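Engineer: Coordinates in final33.cif, mmCIF, C-alpha atoms and all ligand atoms, are listed below.
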```
data_input
loop_
_atom_site.group_PDB
_atom_site.id
_atom_site.type_symbol
_atom_site.label_atom_id
_atom_site.label_comp_id
_atom_site.auth_asym_id
_atom_site.auth_seq_id
_atom_site.Cartn_x
_atom_site.Cartn_y
_atom_site.Cartn_z
ATOM 1 C CA MET A 163 4.639 3.460 -24.058
ATOM 2 C CA ILE A 164 5.070 2.124 -20.553
ATOM 3 C CA LYS A 165 8.716 3.140 -20.490
ATOM 4 C CA ASP A 166 7.924 6.759 -21.378
ATOM 5 C CA ASN A 167 5.020 6.952 -18.932
ATOM 6 C CA LEU A 168 7.252 5.656 -16.183
ATOM 7 C CA GLN A 169 10.040 8.070 -17.042
ATOM 8 C CA SER A 170 7.769 11.096 -17.084
ATOM 9 C CA ILE A 171 6.491 10.234 -13.589
ATOM 10 C CA ILE A 172 9.996 9.598 -12.269
ATOM 11 C CA ASP A 173 11.118 12.949 -13.695
ATOM 12 C CA LYS A 174 8.445 14.748 -11.663
ATOM 13 C CA LEU A 175 8.513 12.648 -8.503
ATOM 14 C CA PRO A 176 10.793 13.853 -5.677
ATOM 15 C CA SER A 177 13.591 11.333 -5.170
ATOM 16 C CA ASP A 178 12.521 10.513 -1.595
ATOM 17 C CA VAL A 179 9.067 9.354 -2.698
ATOM 18 C CA LYS A 180 8.889 5.667 -3.533
ATOM 19 C CA LEU A 181 7.032 4.695 -6.680
ATOM 20 C CA VAL A 182 4.910 1.550 -6.498
ATOM 21 C CA ALA A 183 3.681 0.440 -9.922
ATOM 22 C CA VAL A 184 0.123 -0.883 -9.653
ATOM 23 C CA SER A 185 -0.082 -3.646 -12.253
ATOM 24 C CA LYS A 186 -3.502 -5.110 -11.412
ATOM 25 C CA PHE A 187 -5.561 -6.145 -14.475
ATOM 26 C CA HIS A 188 -2.526 -5.710 -16.728
ATOM 27 C CA PRO A 189 -0.692 -8.692 -18.241
ATOM 28 C CA SER A 190 2.707 -9.939 -17.140
ATOM 29 C CA SER A 191 4.151 -8.655 -20.420
ATOM 30 C CA ALA A 192 3.384 -5.095 -19.272
ATOM 31 C CA ILE A 193 5.179 -5.748 -15.987
ATOM 32 C CA VAL A 194 8.218 -7.034 -17.855
ATOM 33 C CA GLU A 195 8.262 -3.839 -19.898
ATOM 34 C CA ALA A 196 8.256 -1.699 -16.738
ATOM 35 C CA TYR A 197 10.833 -3.961 -15.105
ATOM 36 C CA GLU A 198 13.147 -3.628 -18.078
ATOM 37 C CA ALA A 199 12.774 0.147 -17.783
ATOM 38 C CA GLY A 200 14.087 -0.143 -14.220
ATOM 39 C CA GLN A 201 10.948 -0.373 -12.062
ATOM 40 C CA ARG A 202 11.241 -2.980 -9.295
ATOM 41 C CA VAL A 203 8.253 -2.561 -6.963
ATOM 42 C CA PHE A 204 4.825 -3.682 -8.167
ATOM 43 C CA ALA A 205 1.471 -4.015 -6.425
ATOM 44 C CA GLU A 206 -1.525 -6.227 -7.026
ATOM 45 C CA SER A 207 -4.983 -6.234 -5.508
ATOM 46 C CA ARG A 208 -6.283 -9.776 -6.075
ATOM 47 C CA PRO A 209 -4.673 -12.902 -4.582
ATOM 48 C CA GLN A 210 -5.161 -15.192 -7.607
ATOM 49 C CA GLU A 211 -3.817 -12.618 -10.003
ATOM 50 C CA LEU A 212 -0.798 -12.012 -7.765
ATOM 51 C CA ASP A 213 -0.070 -15.727 -7.529
ATOM 52 C CA LYS A 214 -0.249 -16.202 -11.261
ATOM 53 C CA LYS A 215 2.069 -13.285 -11.980
ATOM 54 C CA VAL A 216 4.552 -14.300 -9.279
ATOM 55 C CA ALA A 217 4.859 -17.678 -10.976
ATOM 56 C CA GLU A 218 5.064 -16.232 -14.485
ATOM 57 C CA LEU A 219 7.693 -13.644 -13.610
ATOM 58 C CA ALA A 220 9.949 -15.343 -11.054
ATOM 59 C CA ALA A 221 12.550 -16.299 -13.660
ATOM 60 C CA VAL A 222 12.181 -13.277 -15.951
ATOM 61 C CA CYS A 223 12.254 -10.586 -13.250
ATOM 62 C CA PRO A 224 14.443 -11.992 -10.471
ATOM 63 C CA ASP A 225 14.633 -8.771 -8.391
ATOM 64 C CA ILE A 226 10.945 -7.972 -8.541
ATOM 65 C CA GLU A 227 9.329 -6.871 -5.284
ATOM 66 C CA TRP A 228 5.614 -7.409 -4.778
ATOM 67 C CA GLN A 229 3.192 -5.583 -2.530
ATOM 68 C CA PHE A 230 -0.483 -6.171 -1.869
ATOM 69 C CA ILE A 231 -2.970 -3.277 -1.983
ATOM 70 C CA GLY A 232 -6.418 -4.882 -2.243
ATOM 71 C CA HIS A 233 -9.036 -6.130 0.137
ATOM 72 C CA LEU A 234 -7.589 -9.299 1.651
ATOM 73 C CA GLN A 235 -9.765 -12.103 2.925
ATOM 74 C CA THR A 236 -8.257 -14.125 5.737
ATOM 75 C CA ASN A 237 -8.690 -17.398 3.841
ATOM 76 C CA LYS A 238 -6.375 -16.045 1.110
ATOM 77 C CA LEU A 239 -3.394 -15.202 3.312
ATOM 78 C CA LYS A 240 -1.337 -18.162 2.207
ATOM 79 C CA MET A 241 -1.675 -17.075 -1.430
ATOM 80 C CA VAL A 242 -0.370 -13.615 -0.653
ATOM 81 C CA LEU A 243 1.912 -13.434 2.371
ATOM 82 C CA PRO A 244 4.714 -15.695 1.101
ATOM 83 C CA HIS A 245 5.207 -13.402 -1.896
ATOM 84 C CA VAL A 246 4.919 -9.815 -0.707
ATOM 85 C CA SER A 247 7.225 -7.414 1.096
ATOM 86 C CA LEU A 248 4.368 -5.209 2.275
ATOM 87 C CA VAL A 249 0.619 -5.525 2.816
ATOM 88 C CA GLN A 250 -0.665 -1.971 2.363
ATOM 89 C CA SER A 251 -4.325 -2.694 2.918
ATOM 90 C CA VAL A 252 -4.879 -3.908 6.474
ATOM 91 C CA ASP A 253 -8.397 -2.667 7.074
ATOM 92 C CA THR A 254 -9.628 -4.632 10.122
ATOM 93 C CA ILE A 255 -8.292 -5.878 13.440
ATOM 94 C CA HIS A 256 -9.427 -9.346 12.448
ATOM 95 C CA LEU A 257 -7.223 -9.320 9.351
ATOM 96 C CA LEU A 258 -4.296 -8.044 11.408
ATOM 97 C CA GLN A 259 -4.733 -10.815 13.969
ATOM 98 C CA GLU A 260 -4.817 -13.430 11.241
ATOM 99 C CA ILE A 261 -1.704 -12.008 9.566
ATOM 100 C CA ASP A 262 0.052 -12.096 12.946
ATOM 101 C CA ARG A 263 -1.037 -15.676 13.461
ATOM 102 C CA TRP A 264 0.189 -16.666 9.981
ATOM 103 C CA GLY A 265 3.503 -14.960 10.701
ATOM 104 C CA LYS A 266 3.928 -16.853 13.926
ATOM 105 C CA ALA A 267 3.092 -20.180 12.291
ATOM 106 C CA ASN A 268 5.549 -19.500 9.475
ATOM 107 C CA GLY A 269 8.349 -17.869 11.419
ATOM 108 C CA LYS A 270 7.981 -14.529 9.650
ATOM 109 C CA VAL A 271 7.368 -10.900 10.521
ATOM 110 C CA ILE A 272 5.044 -9.238 8.020
ATOM 111 C CA ASP A 273 5.339 -5.552 7.170
ATOM 112 C CA VAL A 274 1.959 -3.838 7.047
ATOM 113 C CA LEU A 275 0.361 -0.462 6.525
ATOM 114 C CA ILE A 276 -2.870 0.402 8.270
ATOM 115 C CA GLU A 277 -5.470 1.498 5.748
ATOM 116 C CA MET A 278 -7.210 4.636 6.919
ATOM 117 C CA HIS A 279 -10.734 5.675 6.122
ATOM 118 C CA ILE A 280 -10.211 9.182 4.750
ATOM 119 C CA GLY A 281 -12.067 9.918 1.517
ATOM 120 C CA GLU A 282 -15.828 10.079 1.342
ATOM 121 C CA ASP A 283 -15.991 7.209 -1.119
ATOM 122 C CA THR A 284 -14.091 4.488 0.657
ATOM 123 C CA LYS A 285 -15.917 2.328 3.118
ATOM 124 C CA GLN A 286 -12.823 0.409 4.104
ATOM 125 C CA GLY A 287 -10.244 1.316 6.640
ATOM 126 C CA PHE A 288 -9.718 2.455 10.186
ATOM 127 C CA TYR A 289 -11.000 5.639 11.717
ATOM 128 C CA GLU A 290 -8.397 7.598 13.635
ATOM 129 C CA GLU A 291 -9.674 6.590 17.077
ATOM 130 C CA GLU A 292 -9.681 2.917 16.055
ATOM 131 C CA ALA A 293 -6.156 3.185 14.720
ATOM 132 C CA LEU A 294 -4.955 4.833 17.931
ATOM 133 C CA ASP A 295 -6.496 2.035 19.998
ATOM 134 C CA LEU A 296 -4.635 -0.424 17.837
ATOM 135 C CA PHE A 297 -1.285 1.370 18.140
ATOM 136 C CA PHE A 298 -1.583 1.393 21.920
ATOM 137 C CA SER A 299 -1.430 -2.397 21.754
ATOM 138 C CA PHE A 300 1.010 -2.673 18.853
ATOM 139 C CA ALA A 301 3.514 -4.697 20.907
ATOM 140 C CA LYS A 302 1.171 -7.631 21.195
ATOM 141 C CA TYR A 303 1.417 -8.257 17.437
ATOM 142 C CA ARG A 304 4.818 -9.876 17.497
ATOM 143 C CA ASN A 305 4.757 -11.140 13.935
ATOM 144 C CA VAL A 306 3.619 -7.888 12.391
ATOM 145 C CA ARG A 307 5.747 -4.801 11.808
ATOM 146 C CA PHE A 308 3.741 -1.593 11.631
ATOM 147 C CA ARG A 309 5.319 0.403 8.808
ATOM 148 C CA GLY A 310 2.838 3.251 8.374
ATOM 149 C CA LEU A 311 -0.457 4.326 6.869
ATOM 150 C CA MET A 312 -2.217 3.998 3.531
ATOM 151 C CA GLY A 313 -5.211 5.948 2.319
ATOM 152 C CA MET A 314 -7.259 7.028 -0.665
ATOM 153 C CA ALA A 315 -8.709 10.494 -1.093
ATOM 154 C CA SER A 316 -12.277 11.181 -2.157
ATOM 155 C CA PHE A 317 -12.834 10.524 -5.864
ATOM 156 C CA VAL A 318 -13.727 14.109 -6.738
ATOM 157 C CA ASP A 319 -12.335 16.712 -9.112
ATOM 158 C CA ASP A 320 -12.175 19.385 -6.425
ATOM 159 C CA GLU A 321 -8.483 19.610 -5.599
ATOM 160 C CA GLU A 322 -9.168 21.357 -2.331
ATOM 161 C CA ILE A 323 -11.159 18.402 -1.047
ATOM 162 C CA VAL A 324 -8.496 15.943 -2.188
ATOM 163 C CA LEU A 325 -5.730 18.003 -0.619
ATOM 164 C CA ALA A 326 -7.726 18.271 2.617
ATOM 165 C CA ASP A 327 -8.134 14.470 2.718
ATOM 166 C CA PHE A 328 -4.403 13.953 2.177
ATOM 167 C CA SER A 329 -3.449 16.618 4.696
ATOM 168 C CA ARG A 330 -5.638 14.995 7.303
ATOM 169 C CA ILE A 331 -3.978 11.594 6.982
ATOM 170 C CA ALA A 332 -0.548 13.250 6.815
ATOM 171 C CA ASP A 333 -1.246 15.107 10.073
ATOM 172 C CA PHE A 334 -2.421 11.895 11.668
ATOM 173 C CA TYR A 335 0.716 10.094 10.453
ATOM 174 C CA ASP A 336 2.925 12.780 12.054
ATOM 175 C CA TYR A 337 0.918 12.561 15.251
ATOM 176 C CA VAL A 338 1.262 8.772 15.466
ATOM 177 C CA ARG A 339 5.007 9.028 14.914
ATOM 178 C CA ASP A 340 5.217 11.563 17.752
ATOM 179 C CA VAL A 341 3.069 9.599 20.180
ATOM 180 C CA PHE A 342 4.450 6.118 19.453
ATOM 181 C CA PRO A 343 8.198 6.479 18.942
ATOM 182 C CA GLU A 344 8.484 2.812 20.031
ATOM 183 C CA MET A 345 7.101 1.857 16.610
ATOM 184 C CA GLU A 346 10.553 2.371 15.207
ATOM 185 C CA ASP A 347 9.851 1.375 11.624
ATOM 186 C CA PHE A 348 6.689 3.402 11.253
ATOM 187 C CA ASN A 349 7.894 5.576 8.398
ATOM 188 C CA ILE A 350 5.694 5.047 5.333
ATOM 189 C CA LEU A 351 2.865 7.340 4.290
ATOM 190 C CA SER A 352 1.311 5.750 1.200
ATOM 191 C CA ILE A 353 -1.000 8.282 -0.428
ATOM 192 C CA GLY A 354 -1.422 9.288 -4.056
ATOM 193 C CA MET A 355 -2.584 7.499 -7.208
ATOM 194 C CA SER A 356 -2.478 8.330 -10.955
ATOM 195 C CA GLY A 357 -4.945 11.182 -10.773
ATOM 196 C CA ASP A 358 -3.938 12.823 -7.525
ATOM 197 C CA TRP A 359 -0.350 11.976 -6.643
ATOM 198 C CA PRO A 360 1.045 15.532 -7.011
ATOM 199 C CA LEU A 361 -1.406 16.669 -4.329
ATOM 200 C CA ALA A 362 -0.441 13.730 -2.122
ATOM 201 C CA VAL A 363 3.235 14.602 -2.481
ATOM 202 C CA ARG A 364 2.440 18.188 -1.563
ATOM 203 C CA ALA A 365 0.728 16.890 1.588
ATOM 204 C CA GLY A 366 3.751 14.781 2.589
ATOM 205 C CA SER A 367 3.452 11.408 0.844
ATOM 206 C CA ASN A 368 6.565 9.252 0.699
ATOM 207 C CA MET A 369 5.001 6.397 -1.302
ATOM 208 C CA VAL A 370 2.714 6.694 -4.315
ATOM 209 C CA ARG A 371 0.746 3.846 -5.913
ATOM 210 C CA ILE A 372 0.393 4.492 -9.623
ATOM 211 C CA GLY A 373 -1.378 2.223 -12.102
ATOM 212 C CA SER A 374 -3.139 3.703 -15.113
ATOM 213 C CA ALA A 375 -0.676 6.570 -15.601
ATOM 214 C CA ILE A 376 1.996 3.913 -16.207
ATOM 215 C CA PHE A 377 0.135 1.018 -17.823
ATOM 216 C CA GLY A 378 -2.875 2.751 -19.390
ATOM 217 C CA GLU A 379 -6.525 2.134 -18.613
ATOM 218 C CA ARG A 380 -7.373 -1.183 -16.982
ATOM 219 C CA VAL A 381 -9.412 -3.626 -19.052
HETATM 220 C C1 LIG B 401 -5.886 0.479 -8.271
HETATM 221 C C2 LIG B 401 -5.278 1.122 -7.111
HETATM 222 C C3 LIG B 401 -4.305 2.122 -7.257
HETATM 223 C C4 LIG B 401 -3.839 2.646 -8.600
HETATM 224 O O1 LIG B 401 -4.844 3.395 -9.224
HETATM 225 P P1 LIG B 401 -4.536 4.291 -10.524
HETATM 226 O O2 LIG B 401 -5.595 5.325 -10.495
HETATM 227 O O3 LIG B 401 -4.636 3.384 -11.689
HETATM 228 O O4 LIG B 401 -3.185 4.848 -10.368
HETATM 229 C C5 LIG B 401 -3.729 2.637 -6.112
HETATM 230 N N1 LIG B 401 -4.100 2.227 -4.889
HETATM 231 C C6 LIG B 401 -5.031 1.285 -4.707
HETATM 232 C C7 LIG B 401 -5.374 0.868 -3.322
HETATM 233 C C8 LIG B 401 -5.664 0.707 -5.798
HETATM 234 O O5 LIG B 401 -6.602 -0.234 -5.598
#
```
Would you put the structure from the file into structure tokens?
Ligand SMILES: *Cc1c(COP(=O)(O)O)cnc(C)c1O
Structural biologist:
Amino acid sequence: MIKDNLQSIIDKLPSDVKLVAVSKFHPSSAIVEAYEAGQRVFAESRPQELDKKVAELAAVCPDIEWQFIGHLQTNKLKMVLPHVSLVQSVDTIHLLQEIDRWGKANGKVIDVLIEMHIGEDTKQGFYEEEALDLFFSFAKYRNVRFRGLMGMASFVDDEEIVLADFSRIADFYDYVRDVFPEMEDFNILSIGMSGDWPLAVRAGSNMVRIGSAIFGERV
């Protein structure tokens, strides 16, 4: 039961950690079930799927908040940016520039997280030095608001490795907040998924992205 899954996570999750329900590959009916149980923030990873669900659920779930967590191609921005409150998966400067340009053209400021390359298994994301270079020039992106960092740990069973990955990004997050206090809204550390979120919370996460532990296995 989606409702029970959700409740058991909420019971364990510290109250200052935001729960993002990852609904990718699950039908709109599953989202409605979670919504009726009180969940408001959902994330998708594919533009077409997001668009379809936005349309299906606009009337049924009026307070729903969407985020984007997948690889985003620049030719798909107009399918995604009008609908989401946060793009968690900015993985290149090029994508960031195009989001900024879209924001300018549409009179909007888009909240983003910078996706960090932390785990061994992800190829996407910024290395620390690249991210620092970017933050030095953050002010030139006038239509982007830098809200924080997102990352995925290595897909391994060894908890020590996973915790080390999370601790590394958490340390980097603290460092960036120290060095760039001008980025006033930089306050989100999005780490932790179904299989590893307790470790992420231990490392300092304040946003977890949980899919299968709420909705079951993806088909
Ligand atoms: C799919 C996905 C998740 C959720 O994964 P689960 O293991 O099902 O919780 C979280 N973050 C990102 C970036 C994802 O693509």
Engineer: Please identify all protein, DNA and RNA residues within 6 Å of ligand LIG 401 (chain B), counting only C-alpha atoms and all ligand atoms, and report them as a PyMOL selection string.
Structural biologist: chain A and resi 184+231-232+355-357+371-374
Engineer: Could you check the closest approach to A:Ala332 for each of A:Ala293, A:Ala365, A:Arg304, A:Asp253 and tell me which residue wins, using only C-alpha atoms?
Structural biologist: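 Closest residue, counting only C-alpha atoms: A:Ala365.
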Engineer: One number please: atom CA of A:Asp327 to atom CA of A:Leu175, in Å, one decimal.
Structural biologist: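 Calculated distance between atom CA of A:Asp327 and atom CA of A:Leu175 is 20.2 Å.
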Engineer: Quick one: contact table of stretch 209-249 of chain A to stretch 262-275 of chain A, 9 Å max, nearest atom pair and distance in Å to one decimal per residue, counting all atoms listed in the file, chain and number order, as CSV?
Structural biologist:
```
residue,atom,partner,partner_atom,distance
A:Leu239,CA,A:Trp264,CA,7.7
A:Lys240,CA,A:Trp264,CA,8.1
A:Leu243,CA,A:Ile272,CA,7.7
A:Val246,CA,A:Ile272,CA,8.7
A:Ser247,CA,A:Asp273,CA,6.6
A:Leu248,CA,A:Asp273,CA,5.0
A:Val249,CA,A:Val274,CA,4.7
```
Engineer: Go ahead and compute the interatomic distance for atom CA of A:Val222 and atom CA of A:Lys180, in Å to one decimal.
Structural biologist: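 We find that atom CA of A:Val222 and atom CA of A:Lys180 lie 22.9 Å from each other.
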Engineer: Can you list what the PyMOL selection byres (((chain A and resi 289) around 8) and not hetatm) grabs from this structure, as a list in words?
Structural biologist: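 Selected by the PyMOL selection byres (((chain A and resi 289) around 8) and not hetatm) here: Met278, His279, Ile280, Gly287, Phe288, Glu290, Glu291, Glu292 and Ala293 of chain A.
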Engineer: Using the chain letters and numbers from the file, which residues does the PyMOL selection byres (((chain A and resi 340-343) around 12) and not hetatm) grab, as number ranges by chain?
Structural biologist: A: 293-301, 308, 310, 333-339, 344-349
Engineer: How far is it from atom CA of A:Ala192 to atom CA of A:Val179, in Å with one decimal?
Structural biologist: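 Atom CA of A:Ala192 sits 22.7 Å away from atom CA of A:Val179.
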Engineer: Tell me which residues the PyMOL selection byres (((chain A and resi 206) around 9) and not hetatm) grabs here, as a CSV table (one decimal) with C-alpha atoms, in the coordinates of the input.
Structural biologist:
```csv
chain,number,residue,atom,x,y,z
A,183,ALA,CA,3.7,0.4,-9.9
A,184,VAL,CA,0.1,-0.9,-9.7
A,185,SER,CA,-0.1,-3.6,-12.3
A,186,LYS,CA,-3.5,-5.1,-11.4
A,187,PHE,CA,-5.6,-6.1,-14.5
A,204,PHE,CA,4.8,-3.7,-8.2
A,205,ALA,CA,1.5,-4.0,-6.4
A,207,SER,CA,-5.0,-6.2,-5.5
A,208,ARG,CA,-6.3,-9.8,-6.1
A,209,PRO,CA,-4.7,-12.9,-4.6
A,211,GLU,CA,-3.8,-12.6,-10.0
A,212,LEU,CA,-0.8,-12.0,-7.8
A,228,TRP,CA,5.6,-7.4,-4.8
A,229,GLN,CA,3.2,-5.6,-2.5
A,230,PHE,CA,-0.5,-6.2,-1.9
A,231,ILE,CA,-3.0,-3.3,-2.0
A,232,GLY,CA,-6.4,-4.9,-2.2
```
Engineer: A:Asp213: which residues within 10 Å, counting only C-alpha atoms, same-chain residues fewer than 6 positions away excluded, as a list in words?
Structural biologist: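 The filter keeps Glu206, Met241, Val242, Pro244 and His245 of chain A.
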Engineer: Residues at most 10 Å from stretch 320-325 of chain A, counting all atoms listed in the file, excluding those fewer than 5 positions away in the same chain, as an NGL selection string?
Structural biologist: :A and (280-282 or 314-315 or 330 or 354 or 358 or 360-365)
Engineer: May I ask which of the residues A:Leu168, A:Ala217, A:Leu257, A:Val318 is the closest one to A:Val306, counting only C-alpha atoms?
Structural biologist: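 Among A:Leu168, A:Ala217, A:Leu257, A:Val318, it is A:Leu257 that comes nearest to A:Val306.
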Engineer: Please reconstruct the missing atoms of stretch 279-295 of chain A (target: N, CA and C atoms) and return them as a PDB file, in the coordinates of the input.
Structural biologist:
```pdb
ATOM      1  N   HIS A 279      -9.518   5.192   6.771  1.00  0.00           N
ATOM      2  CA  HIS A 279     -10.734   5.675   6.122  1.00  0.00           C
ATOM      3  C   HIS A 279     -10.613   7.191   6.025  1.00  0.00           C
ATOM      4  N   ILE A 280     -10.292   7.718   4.852  1.00  0.00           N
ATOM      5  CA  ILE A 280     -10.211   9.182   4.750  1.00  0.00           C
ATOM      6  C   ILE A 280     -11.217   9.758   3.780  1.00  0.00           C
ATOM      7  N   GLY A 281     -11.164   9.329   2.513  1.00  0.00           N
ATOM      8  CA  GLY A 281     -12.067   9.918   1.517  1.00  0.00           C
ATOM      9  C   GLY A 281     -13.519   9.553   1.790  1.00  0.00           C
ATOM     10  N   GLU A 282     -14.395  10.316   1.188  1.00  0.00           N
ATOM     11  CA  GLU A 282     -15.828  10.079   1.342  1.00  0.00           C
ATOM     12  C   GLU A 282     -16.259   8.761   0.694  1.00  0.00           C
ATOM     13  N   ASP A 283     -15.503   8.311  -0.302  1.00  0.00           N
ATOM     14  CA  ASP A 283     -15.991   7.209  -1.119  1.00  0.00           C
ATOM     15  C   ASP A 283     -15.521   5.834  -0.668  1.00  0.00           C
ATOM     16  N   THR A 284     -14.546   5.796   0.224  1.00  0.00           N
ATOM     17  CA  THR A 284     -14.091   4.488   0.657  1.00  0.00           C
ATOM     18  C   THR A 284     -14.860   4.076   1.902  1.00  0.00           C
ATOM     19  N   LYS A 285     -15.242   2.835   1.931  1.00  0.00           N
ATOM     20  CA  LYS A 285     -15.917   2.328   3.118  1.00  0.00           C
ATOM     21  C   LYS A 285     -14.917   1.586   3.993  1.00  0.00           C
ATOM     22  N   GLN A 286     -13.802   1.189   3.366  1.00  0.00           N
ATOM     23  CA  GLN A 286     -12.823   0.409   4.104  1.00  0.00           C
ATOM     24  C   GLN A 286     -11.904   1.280   4.949  1.00  0.00           C
ATOM     25  N   GLY A 287     -11.295   0.647   5.914  1.00  0.00           N
ATOM     26  CA  GLY A 287     -10.244   1.316   6.640  1.00  0.00           C
ATOM     27  C   GLY A 287     -10.609   1.719   8.049  1.00  0.00           C
ATOM     28  N   PHE A 288      -9.581   2.083   8.783  1.00  0.00           N
ATOM     29  CA  PHE A 288      -9.718   2.455  10.186  1.00  0.00           C
ATOM     30  C   PHE A 288     -10.042   3.937  10.322  1.00  0.00           C
ATOM     31  N   TYR A 289     -10.861   4.244  11.299  1.00  0.00           N
ATOM     32  CA  TYR A 289     -11.000   5.639  11.717  1.00  0.00           C
ATOM     33  C   TYR A 289      -9.843   5.951  12.662  1.00  0.00           C
ATOM     34  N   GLU A 290      -9.572   7.216  12.845  1.00  0.00           N
ATOM     35  CA  GLU A 290      -8.397   7.598  13.635  1.00  0.00           C
ATOM     36  C   GLU A 290      -8.425   7.016  15.042  1.00  0.00           C
ATOM     37  N   GLU A 291      -9.583   7.093  15.689  1.00  0.00           N
ATOM     38  CA  GLU A 291      -9.674   6.590  17.077  1.00  0.00           C
ATOM     39  C   GLU A 291      -9.389   5.087  17.123  1.00  0.00           C
ATOM     40  N   GLU A 292      -9.908   4.365  16.111  1.00  0.00           N
ATOM     41  CA  GLU A 292      -9.681   2.917  16.055  1.00  0.00           C
ATOM     42  C   GLU A 292      -8.196   2.616  15.839  1.00  0.00           C
ATOM     43  N   ALA A 293      -7.576   3.401  14.985  1.00  0.00           N
ATOM     44  CA  ALA A 293      -6.156   3.185  14.720  1.00  0.00           C
ATOM     45  C   ALA A 293      -5.328   3.479  15.977  1.00  0.00           C
ATOM     46  N   LEU A 294      -5.694   4.518  16.694  1.00  0.00           N
ATOM     47  CA  LEU A 294      -4.955   4.833  17.931  1.00  0.00           C
ATOM     48  C   LEU A 294      -5.080   3.705  18.939  1.00  0.00           C
ATOM     49  N   ASP A 295      -6.299   3.189  19.106  1.00  0.00           N
ATOM     50  CA  ASP A 295      -6.496   2.035  19.998  1.00  0.00           C
ATOM     51  C   ASP A 295      -5.560   0.900  19.619  1.00  0.00           C
TER      52      ASP A 295
END
```
